[in-house]
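Quick notes on the structure that follows.
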Amino acid sequence: CVMYAALHRNDEEMLYNMSTIGGYKSKHGRRDVLMKLMQFGYNSYGKDVTGNMNVQQFIDDLKKKDPWTETPDNFVMASFMSIRLRSVALGMNHPVKCSDWWGPMAEQILKEEGHPYESWDHDKLVEHKPEINVVKQSWS
């Protein structure tokens, strides 16, 4: 929920903290590349994210700028689900930006569960960090 609320709010600091605490690492640590990966993986692959590139060109460009070296598997699986759902919607000629739909719901759920979005700081993210497997990659 925190991630979709952060996407909805365009809260780059929260998205960055979630990613790095969660285990994401890249060669150069470029925040701009991570933010584009987060938008692409969980929210939208519209031209507002990819520019004038197709999906393959976009990913290749990001990997060239700052190759990711460690990726938490829970992030990978969540992005697969988001991409698949958006693909179905796009196939019906209805592009979807996930945070437009899930962001307000996520904020409401966080509030109902007693963990409003504003209560999530670095320490709370660390406290609620899931156990993860990290996929390590090396790009030759």
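Chain identifiers are assigned as A, B, and so on, following the order in which chains appear in the structure tokens; residues are numbered from 1 within each chain, and ligands are numbered from 1 in order of appearance.
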
Self-check item: DSSP helix (DSSP H, G or I) residues within chain A, as a PyMOL selection string
Solution: chain A and resi 2-9+12-22+31-42+47-50+55-65+73-91+98-112+117-119+122-127

Quiz prompt | Contacts of segment 61-69 of chain A at 12 Å (only C-alpha atoms; same-chain gap of 2+ positions) as a PyMOL selection string | solution = chain A and resi 19-20+23-38+40+49-59+71-72+134-140

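Across the model, the gap from atom CA of Ser82 of chain A to atom CA of Tyr42 of chain A is 5.5 Å.
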
Practice problem: Excluding segment 97-106 of chain A and any residue of its chain fewer than 6 positions from it, enumerate the residues within 12 Å of it, using only C-alpha atoms, and give them as an MDAnalysis selection string. | Solution: chainID A and resid 1:11 38:49 79 81:87 89:90 112:113 115:117

Quiz item: What are the DSSP strand (DSSP E or B) residues of chain A, as a ChimeraX atom specification?
Solution: /A:25-26,68-72,134-136

Write a file of the selected residues as an mmCIF file, in the first residue's frame, keeping C-alpha atoms.
data_model
loop_
_atom_site.group_PDB
_atom_site.id
_atom_site.type_symbol
_atom_site.label_atom_id
_atom_site.label_comp_id
_atom_site.auth_asym_id
_atom_site.auth_seq_id
_atom_site.Cartn_x
_atom_site.Cartn_y
_atom_site.Cartn_z
ATOM 1 C CA LYS A 25 21.248 -1.659 -5.702
ATOM 2 C CA SER A 26 22.693 -0.345 -8.920
ATOM 3 C CA TRP A 68 20.945 -2.647 -11.535
ATOM 4 C CA THR A 69 23.017 -5.176 -9.657
ATOM 5 C CA GLU A 70 20.673 -6.411 -6.914
ATOM 6 C CA THR A 71 16.892 -6.532 -7.102
ATOM 7 C CA PRO A 72 14.575 -7.824 -4.354
ATOM 8 C CA VAL A 134 17.809 -10.655 -3.667
ATOM 9 C CA VAL A 135 18.468 -11.438 -7.309
ATOM 10 C CA LYS A 136 22.061 -10.510 -8.084
#

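For the pair atom CA of Glu13 of chain A and atom CA of Glu118 of chain A, the separation is 12.7 Å.
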